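Note: the block below is upload.cif and it holds mmCIF, C-alpha atoms.
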data_data
loop_
_atom_site.label_atom_id
_atom_site.label_comp_id
_atom_site.auth_asym_id
_atom_site.auth_seq_id
_atom_site.Cartn_x
_atom_site.Cartn_y
_atom_site.Cartn_z
CA MET A 1 84.12 115.51 26.42
CA THR A 2 81.92 118.54 27.10
CA PRO A 3 79.06 118.64 24.56
CA VAL A 4 78.94 121.69 22.31
CA PHE A 5 75.50 123.21 21.80
CA LEU A 6 74.43 125.91 19.40
CA TYR A 7 72.32 128.62 21.01
CA SER A 8 69.63 130.39 19.05
CA GLU A 9 69.21 133.29 21.49
CA PRO A 10 71.72 135.80 22.84
CA MET A 11 73.34 134.46 25.98
CA SER A 12 72.06 136.02 29.19
CA ARG A 13 74.34 136.63 32.17
CA VAL A 14 72.82 133.54 33.81
CA GLY A 15 73.47 131.60 30.61
CA GLU A 16 77.11 132.68 30.69
CA LEU A 17 77.40 131.55 34.30
CA VAL A 18 75.93 128.17 33.37
CA VAL A 19 78.37 127.73 30.48
CA SER A 20 81.30 128.63 32.77
CA ALA A 21 80.06 126.21 35.44
CA GLN A 22 79.64 123.50 32.79
CA ALA A 23 83.33 123.99 32.03
CA GLY A 24 84.18 123.46 35.71
CA ASP A 25 84.24 127.03 37.03
CA LYS A 26 83.22 126.76 40.68
CA ALA A 27 83.04 130.54 41.10
CA ALA A 28 80.36 130.63 38.40
CA TRP A 29 78.44 127.84 40.15
CA THR A 30 78.68 129.72 43.45
CA GLU A 31 77.19 132.77 41.76
CA LEU A 32 74.37 130.63 40.34
CA VAL A 33 73.65 129.31 43.83
CA HIS A 34 73.41 132.84 45.23
CA GLU A 35 71.14 133.93 42.36
CA PHE A 36 68.74 130.97 42.59
CA GLU A 37 68.80 129.79 46.20
CA THR A 38 65.70 131.77 47.17
CA LEU A 39 63.72 130.48 44.20
CA VAL A 40 64.79 126.89 44.95
CA TRP A 41 64.02 127.17 48.67
CA ARG A 42 60.61 128.79 48.23
CA THR A 43 59.63 126.39 45.47
CA ALA A 44 60.27 123.51 47.89
CA ARG A 45 58.41 125.29 50.69
CA SER A 46 55.45 125.97 48.40
CA TYR A 47 54.66 122.23 48.59
CA ARG A 48 53.97 122.62 52.32
CA LEU A 49 57.05 120.63 53.18
CA ASN A 50 58.31 121.03 56.70
CA GLU A 51 61.72 122.61 57.19
CA ALA A 52 63.57 119.25 57.39
CA ASP A 53 61.93 117.88 54.24
CA ALA A 54 62.49 121.17 52.40
CA HIS A 55 66.18 120.89 53.34
CA ASP A 56 66.38 117.35 51.95
CA VAL A 57 64.54 118.31 48.77
CA CYS A 58 66.78 121.32 48.15
CA GLN A 59 69.95 119.37 48.91
CA THR A 60 68.97 116.59 46.50
CA ALA A 61 67.97 119.14 43.87
CA TRP A 62 71.28 121.00 44.09
CA LEU A 63 73.21 117.72 43.94
CA LYS A 64 71.23 116.60 40.88
CA ALA A 65 71.70 119.99 39.24
CA ALA A 66 75.47 119.92 39.79
CA THR A 67 75.70 116.32 38.56
CA LYS A 68 73.61 116.89 35.43
CA LEU A 69 74.57 120.46 34.62
CA HIS A 70 76.52 119.32 31.55
CA THR A 71 73.27 117.96 30.07
CA LEU A 72 71.47 121.35 30.18
CA ARG A 73 71.20 122.24 26.49
CA ASP A 74 69.91 125.81 26.81
CA PRO A 75 71.87 127.64 29.52
CA ASN A 76 69.38 130.55 29.39
CA ARG A 77 66.73 128.20 30.79
CA PHE A 78 68.49 127.34 34.05
CA ALA A 79 65.62 128.68 36.20
CA GLY A 80 62.98 126.44 34.65
CA TRP A 81 65.36 123.49 34.66
CA ILE A 82 66.26 123.66 38.33
CA THR A 83 62.73 124.41 39.54
CA THR A 84 61.52 121.36 37.59
CA ILE A 85 64.07 119.28 39.52
CA VAL A 86 62.77 120.77 42.80
CA ASP A 87 59.15 120.09 41.78
CA ARG A 88 59.92 116.42 41.11
CA GLU A 89 61.81 115.95 44.36
CA ALA A 90 59.06 117.70 46.34
CA LEU A 91 56.37 115.50 44.79
CA ASN A 92 58.45 112.39 45.47
CA THR A 93 58.75 113.46 49.09
CA LEU A 94 55.01 114.03 49.35
CA ARG A 95 54.33 110.55 47.93
CA ARG A 96 56.82 109.09 50.39
CA ARG A 97 55.06 110.85 53.26
CA GLN A 98 51.79 109.35 52.03
CA ARG A 99 53.34 105.93 52.54
CA GLU A 100 54.46 106.87 56.02
CA VAL A 101 51.01 108.32 56.81
CA PRO A 102 48.72 105.96 54.86
CA SER A 103 45.46 107.79 55.53
CA SER A 104 46.58 111.06 53.99
CA THR A 105 46.37 111.98 50.33
CA LEU A 106 48.48 114.10 48.05
CA HIS A 107 45.50 116.40 47.60
CA SER A 108 45.26 117.01 51.32
CA PHE A 109 49.00 117.78 51.46
CA GLU A 110 48.55 120.36 48.75
CA THR A 111 45.45 122.03 50.06
CA GLU A 112 45.73 121.85 53.84
CA ALA A 113 46.62 125.05 55.58
CA SER A 114 50.18 125.10 56.86
CA PRO A 115 50.77 124.59 60.59
CA ASP A 116 51.89 128.25 60.61
CA HIS A 117 48.23 129.11 60.03
CA ALA A 118 46.82 126.69 62.58
CA HIS A 119 45.91 129.50 64.98
CA GLU A 120 43.89 131.33 62.33
CA PRO A 121 40.12 131.10 61.88
CA VAL A 122 38.84 128.22 59.78
CA GLU A 123 37.92 130.58 56.91
CA ALA A 124 41.47 131.97 56.76
CA GLN A 125 42.94 128.46 56.84
CA GLU A 126 40.61 127.41 54.09
CA LEU A 127 41.60 130.44 51.98
CA ALA A 128 45.30 129.68 52.60
CA GLY A 129 44.72 126.12 51.39
CA ARG A 130 42.99 127.34 48.24
CA ILE A 131 45.75 129.86 47.51
CA ARG A 132 48.41 127.14 47.90
CA ALA A 133 46.51 124.68 45.68
CA ALA A 134 45.92 127.40 43.06
CA PHE A 135 49.56 128.49 43.15
CA LEU A 136 50.72 124.91 42.54
CA GLN A 137 48.44 124.68 39.49
CA LEU A 138 50.08 127.67 37.80
CA SER A 139 52.65 127.20 35.05
CA GLU A 140 56.25 126.94 36.14
CA GLN A 141 56.97 130.36 34.63
CA CYS A 142 54.12 131.93 36.61
CA ARG A 143 55.17 130.27 39.85
CA ASN A 144 58.74 131.47 39.35
CA ILE A 145 57.67 135.06 38.65
CA ILE A 146 55.32 135.20 41.64
CA THR A 147 57.82 133.47 43.91
CA LEU A 148 60.47 136.04 43.01
CA ARG A 149 57.96 138.79 43.77
CA THR A 150 57.39 137.38 47.29
CA THR A 151 60.83 138.44 48.48
CA GLU A 152 61.19 141.50 50.70
CA PRO A 153 61.58 143.85 48.87
CA PRO A 154 60.06 142.23 45.75
CA THR A 155 62.66 141.22 43.16
CA PRO A 156 62.81 144.00 40.50
CA TYR A 157 61.51 143.19 37.02
CA ALA A 158 65.00 143.55 35.49
CA GLN A 159 66.41 140.93 37.83
CA ILE A 160 63.48 138.57 37.29
CA ALA A 161 63.99 138.91 33.54
CA GLU A 162 67.67 138.09 33.91
CA LEU A 163 67.06 135.08 36.15
CA LEU A 164 64.27 133.62 34.03
CA GLY A 165 65.79 134.44 30.65
CA VAL A 166 62.85 136.46 29.33
CA PRO A 167 62.73 140.06 28.00
CA VAL A 168 62.36 142.62 30.77
CA GLY A 169 59.52 144.29 28.86
CA SER A 170 57.47 141.10 29.16
CA ILE A 171 57.66 140.67 32.92
CA GLY A 172 54.89 143.16 33.78
CA SER A 173 52.38 141.57 31.43
CA TYR A 174 53.47 138.05 32.42
CA ARG A 175 52.97 138.98 36.07
CA GLN A 176 49.49 140.37 35.45
CA ARG A 177 48.42 137.30 33.48
CA CYS A 178 49.81 134.99 36.15
CA LEU A 179 48.02 136.83 38.94
CA ALA A 180 44.81 136.84 36.88
CA SER A 181 45.09 133.06 36.50
CA LEU A 182 45.74 132.75 40.22
CA ARG A 183 42.59 134.76 41.02
CA VAL A 184 40.49 132.50 38.80
CA LEU A 185 41.93 129.36 40.41
CA VAL A 186 41.47 130.69 43.95
CA GLY A 187 37.89 131.75 43.32
CA GLU A 188 36.30 133.72 46.17
CA PHE A 189 38.57 135.65 48.54
CA ALA A 190 36.05 135.43 51.35
CA MET B 1 38.03 139.89 52.51
CA THR B 2 37.60 142.06 49.45
CA GLU B 3 39.39 141.27 46.21
CA PRO B 4 43.11 141.87 46.88
CA THR B 5 45.28 144.09 44.69
CA ASP B 6 48.16 142.47 42.81
CA ASP B 7 50.63 143.42 45.54
CA GLU B 8 48.27 142.13 48.24
CA LEU B 9 47.77 138.87 46.35
CA GLU B 10 51.54 138.36 46.17
CA ALA B 11 51.76 139.08 49.89
CA LEU B 12 49.08 136.43 50.49
CA VAL B 13 51.08 133.93 48.44
CA ALA B 14 54.20 134.81 50.42
CA ALA B 15 52.35 134.20 53.66
CA VAL B 16 51.06 130.85 52.43
CA ILE B 17 54.19 129.39 50.83
CA GLY B 18 56.41 130.75 53.58
CA ASP B 19 58.74 133.70 53.40
CA SER B 20 61.52 132.32 55.58
CA PRO B 21 65.03 133.17 54.40
CA VAL B 22 67.23 130.48 52.91
CA PRO B 23 69.13 128.79 55.77
CA SER B 24 72.87 129.53 55.50
CA ALA B 25 73.66 125.80 55.76
CA GLN B 26 71.59 125.30 52.61
CA THR B 27 73.67 127.86 50.73
CA GLU B 28 76.94 126.27 51.84
CA PHE B 29 75.67 122.83 50.89
CA ALA B 30 74.55 123.99 47.43
CA ILE B 31 77.96 125.52 46.74
CA GLU B 32 79.78 122.36 47.87
CA ALA B 33 77.46 120.18 45.73
CA PHE B 34 79.58 121.26 42.78
CA SER B 35 82.63 119.56 44.30
CA LEU B 36 80.72 116.27 44.51
CA ALA B 37 79.90 116.30 40.79
CA ARG B 38 82.14 115.17 37.97
CA LEU B 39 81.93 116.90 34.62
CA ASP B 40 80.44 114.77 31.84
CA GLU B 41 79.44 111.98 34.20
CA GLU B 42 77.36 109.24 32.57
CA LEU B 43 74.49 108.13 34.78
CA ALA B 44 72.56 104.88 34.86
CA ASP B 45 68.99 104.85 33.55
CA LEU B 46 66.37 104.64 36.27
CA VAL B 47 64.12 102.04 34.65
CA PHE B 48 61.73 101.54 37.56
CA ASP B 49 60.74 103.81 40.43
CA SER B 50 58.01 102.52 42.70
CA THR B 51 57.21 106.07 43.85
CA SER B 52 56.21 107.17 40.35
CA GLU B 53 52.49 107.68 39.93
CA SER B 54 52.19 104.99 37.26
CA ALA B 55 53.99 102.45 39.45
CA LEU B 56 51.77 103.28 42.41
CA ALA B 57 48.58 102.47 40.50
CA GLY B 58 47.25 99.08 41.51
CA VAL B 59 49.95 98.37 44.10
CA ARG B 60 48.77 96.72 47.31
CA SER B 61 49.28 98.93 50.35
CA ASN B 62 51.75 96.57 52.05
CA GLU B 63 53.89 96.54 48.89
CA ALA B 64 53.70 100.30 48.64
CA ASP B 65 55.44 100.67 52.00
CA ARG B 66 58.81 99.87 50.46
CA ILE B 67 60.53 101.97 47.81
CA HIS B 68 62.08 100.11 44.91
CA HIS B 69 64.42 101.48 42.23
CA SER B 70 65.95 99.60 39.29
CA TYR B 71 68.88 101.01 37.30
CA VAL B 72 70.66 99.85 34.17
CA GLN B 73 73.98 101.00 32.79
CA GLY B 74 75.97 98.99 30.27
CA ARG B 75 75.85 95.37 31.34
CA ILE B 76 75.04 96.10 34.98
CA THR B 77 71.57 96.06 36.51
CA LEU B 78 71.04 97.31 40.05
CA ASP B 79 67.92 96.79 42.17
CA ILE B 80 67.62 98.57 45.51
CA GLU B 81 64.84 98.90 48.06
CA TRP B 82 64.21 100.43 51.44
CA GLU B 83 61.39 101.35 53.75
CA PRO B 84 61.13 105.11 54.17
CA GLY B 85 61.88 106.44 57.63
CA PRO B 86 64.41 108.50 59.56
CA ILE B 87 66.90 105.58 59.66
CA VAL B 88 66.72 102.98 56.91
CA THR B 89 68.31 99.75 55.80
CA LEU B 90 69.06 99.98 52.10
CA SER B 91 69.33 96.53 50.53
CA GLY B 92 69.85 95.49 46.95
CA GLN B 93 71.31 93.24 44.34
CA ILE B 94 73.71 93.73 41.46
CA ASP B 95 73.10 91.68 38.35
CA ALA B 96 76.37 91.60 36.42
CA GLU B 97 79.27 89.36 35.64
CA SER B 98 81.73 89.40 38.54
CA PRO B 99 80.32 92.20 40.69
CA GLN B 100 83.20 93.52 42.77
CA GLU B 101 82.16 96.57 44.72
CA VAL B 102 79.12 98.58 45.80
CA ILE B 103 79.50 102.01 47.35
CA LEU B 104 76.82 104.11 49.04
CA ARG B 105 77.78 107.72 48.44
CA ARG B 106 76.48 110.46 50.71
CA PRO B 107 77.44 114.14 50.79
CA ASP B 108 79.42 113.51 53.98
CA GLY B 109 81.30 110.42 52.78
CA ASP B 110 81.20 106.98 51.19
CA ARG B 111 80.53 103.49 52.60
CA SER B 112 81.16 100.09 51.01
CA ALA B 113 79.23 96.89 51.68
CA ASP B 114 80.06 93.22 51.30
CA LEU B 115 78.55 91.41 48.31
CA ASN B 116 77.43 87.80 48.68
CA GLU B 117 77.64 85.16 45.95
CA PHE B 118 74.34 86.39 44.49
CA GLY B 119 75.49 90.02 44.32
CA GLU B 120 73.27 90.98 47.25
CA PHE B 121 74.25 93.68 49.72
CA SER B 122 72.87 95.74 52.58
CA PHE B 123 73.62 99.14 54.09
CA PRO B 124 72.07 99.22 57.58
CA GLN B 125 71.60 102.36 59.70
CA ALA B 126 71.51 104.82 56.81
CA LEU B 127 70.10 108.23 57.65
CA ARG B 128 67.40 109.90 55.57
CA GLY B 129 68.75 112.32 52.97
CA PRO B 130 70.45 112.45 49.56
CA ALA B 131 72.34 109.35 48.41
CA ARG B 132 73.64 107.65 45.29
CA ILE B 133 75.21 104.31 44.52
CA THR B 134 78.24 103.24 42.53
CA CYS B 135 78.66 99.61 41.41
CA ILE B 136 81.79 98.16 39.86
CA ALA B 137 81.83 94.87 37.97
CA GLY B 138 84.93 94.05 35.96
CA ASP B 139 85.52 96.93 33.58
CA GLN B 140 81.90 98.07 33.90
CA ARG B 141 80.67 100.80 36.21
CA LEU B 142 77.16 101.89 37.19
CA GLU B 143 76.51 105.31 38.72
CA THR B 144 73.03 106.25 39.89
CA ASP B 145 71.77 109.79 40.01
CA TRP B 146 71.15 111.27 43.45
CA PHE B 147 67.97 110.06 45.13
CA MET B 148 66.44 110.68 48.52
CA LEU B 149 66.67 107.89 51.05
#

Let me see the file written as C-alpha cells.
Amino acid sequence: MTPVFLYSEPMSRVGELVVSAQAGDKAAWTELVHEFETLVWRTARSYRLNEADAHDVCQTAWLKAATKLHTLRDPNRFAGWITTIVDREALNTLRRRQREVPSSTLHSFETEASPDHAHEPVEAQELAGRIRAAFLQLSEQCRNIITLRTTEPPTPYAQIAELLGVPVGSIGSYRQRCLASLRVLVGEFA
Amino acid sequence: MTEPTDDELEALVAAVIGDSPVPSAQTEFAIEAFSLARLDEELADLVFDSTSESALAGVRSNEADRIHHSYVQGRITLDIEWEPGPIVTLSGQIDAESPQEVILRRPDGDRSADLNEFGEFSFPQALRGPARITCIAGDQRLETDWFML
C-alpha cells in the first residue's frame, strides 16, 4: 500500500510530479527525468569521474531513485534526495577505483586536475584542482544552485527555485552566500 | 588571475566539473528505470558494505581488493562478493531454510544460477554496471537494492 504522508509546505510543481510518479504515473517520472537529468549528470561529473563511470553512477542513481521513490517523505525535496544518491554512488565508485589503483587516494581523485586540463599550465591545473575540491566541500544546496547556474544559458532563478523547492526570492542571496563560501575555500585565484 | 566576478566564478566551476550535455542514452535509460521498479517494493537491509569508510579502516590491502556485501530480509541472509573490474565473477551464499532460486537482475535482463547444497552460487562473466539480486527461499523473498558491480 502506498504510504500517505502529511506535507507541511505547499506542494511545488516538482512535488506534484513526485506524488504522481509515486502513484505509478510514468509520464510524471519522465518529466522529472527531463527536469533533473542535467543536475544528476553534472553532480556525477563533479567528482572527476570519467564518462563511463559517470554513466554507471547516473544509471545506478536513477534505478535506485525509481526503486525507492515511494519512500521519499517530502516530495518537495526531490532535488536534494536524488543528488544525495548520486553523491553516495560517486564516492563508492571513487573508493572502488582506489582498490583498482592502490597507490591513489580519494584526496588525489578530488583535487587532481581533470585530464581535460592536462594541456594547461601547472598553475591553471592547480587552480582547477582547488576549485573542484572547494566545490565538493560546499553544502548540497550550494552545489545544486551553482551546478544549475553552470548550464548555458544559466538556469533562471525561478526555475532553480522550482527544482530545489525553495522560495524564488531566496535564490539570489543563497547564490551569493554559496559563491562567497566557494571563494573562501578556493583561497587565492592566482 | 584577478578575483573573478560571480558569473566568472560559475564559468570556472563549469569548466572544472565539465559542461558536457547529458548523453541521450542516459536520458532514455533514466526514463526506462521507472519500468524496472515496482511500487512499494520492500528491500533487504544492507548490513555490511566493505566499501564503506568504516569497513575500510584497518582492512589489509589484499582483503580490500574484493567487495563484500551482506543483506538481510526476513529469514534470509545473503552474502555476495566480487573483485572490481570490467568483467567480474559475482559469487555468494544464501543462508536460509530451503533456498530455491537466486537471480542476478540487470537493466538488460535477468540470469539465474545453480545453488549447491550449501546455498552457494556464482555468476561468472558479469559486466560492470548496475545490478541487484533476488533470492527465493520457501515463502520468503530477499530483494537487494541496486548496486554497482

Picked residues, the PyMOL selection byres ((chain B) within 8 of (chain A)), expected as a VMD selection string = chain B and resid 1 to 4 6 9 to 14 16 to 19 21 to 22 26 to 27 29 to 31 33 to 34 36 to 41 51 to 52 64 to 65 84 to 85 129 to 130 145 to 148

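Relative to atom CA of Gln93 of chain B, atom CA of Asn116 of chain B is found at 9.3 Å.
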
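Atom CA of Ala44 of chain B to atom CA of Ile94 of chain B spans 13.0 Å [interatomic distance, one decimal].
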
Between B:Leu78, B:Ala15, B:Leu104, B:Leu46, which one has atoms that come closest to Gly92 of chain B, using all atoms listed in the file?
-> B:Leu78

Expand the PyMOL selection byres ((chain A and resi 140) around 12) into the individual residues it matches in the shown file, reporting them as a VMD selection string.
-> chain A and resid 39 43 77 79 to 87 135 to 139 141 to 147 164 178

Would you kindly translate the PyMOL selection byres ((chain B and resi 97) around 10) into the concrete residues it picks from this file, as a ChimeraX atom specification?
-> /B:75-76,94-96,98-100,119,137-138,140
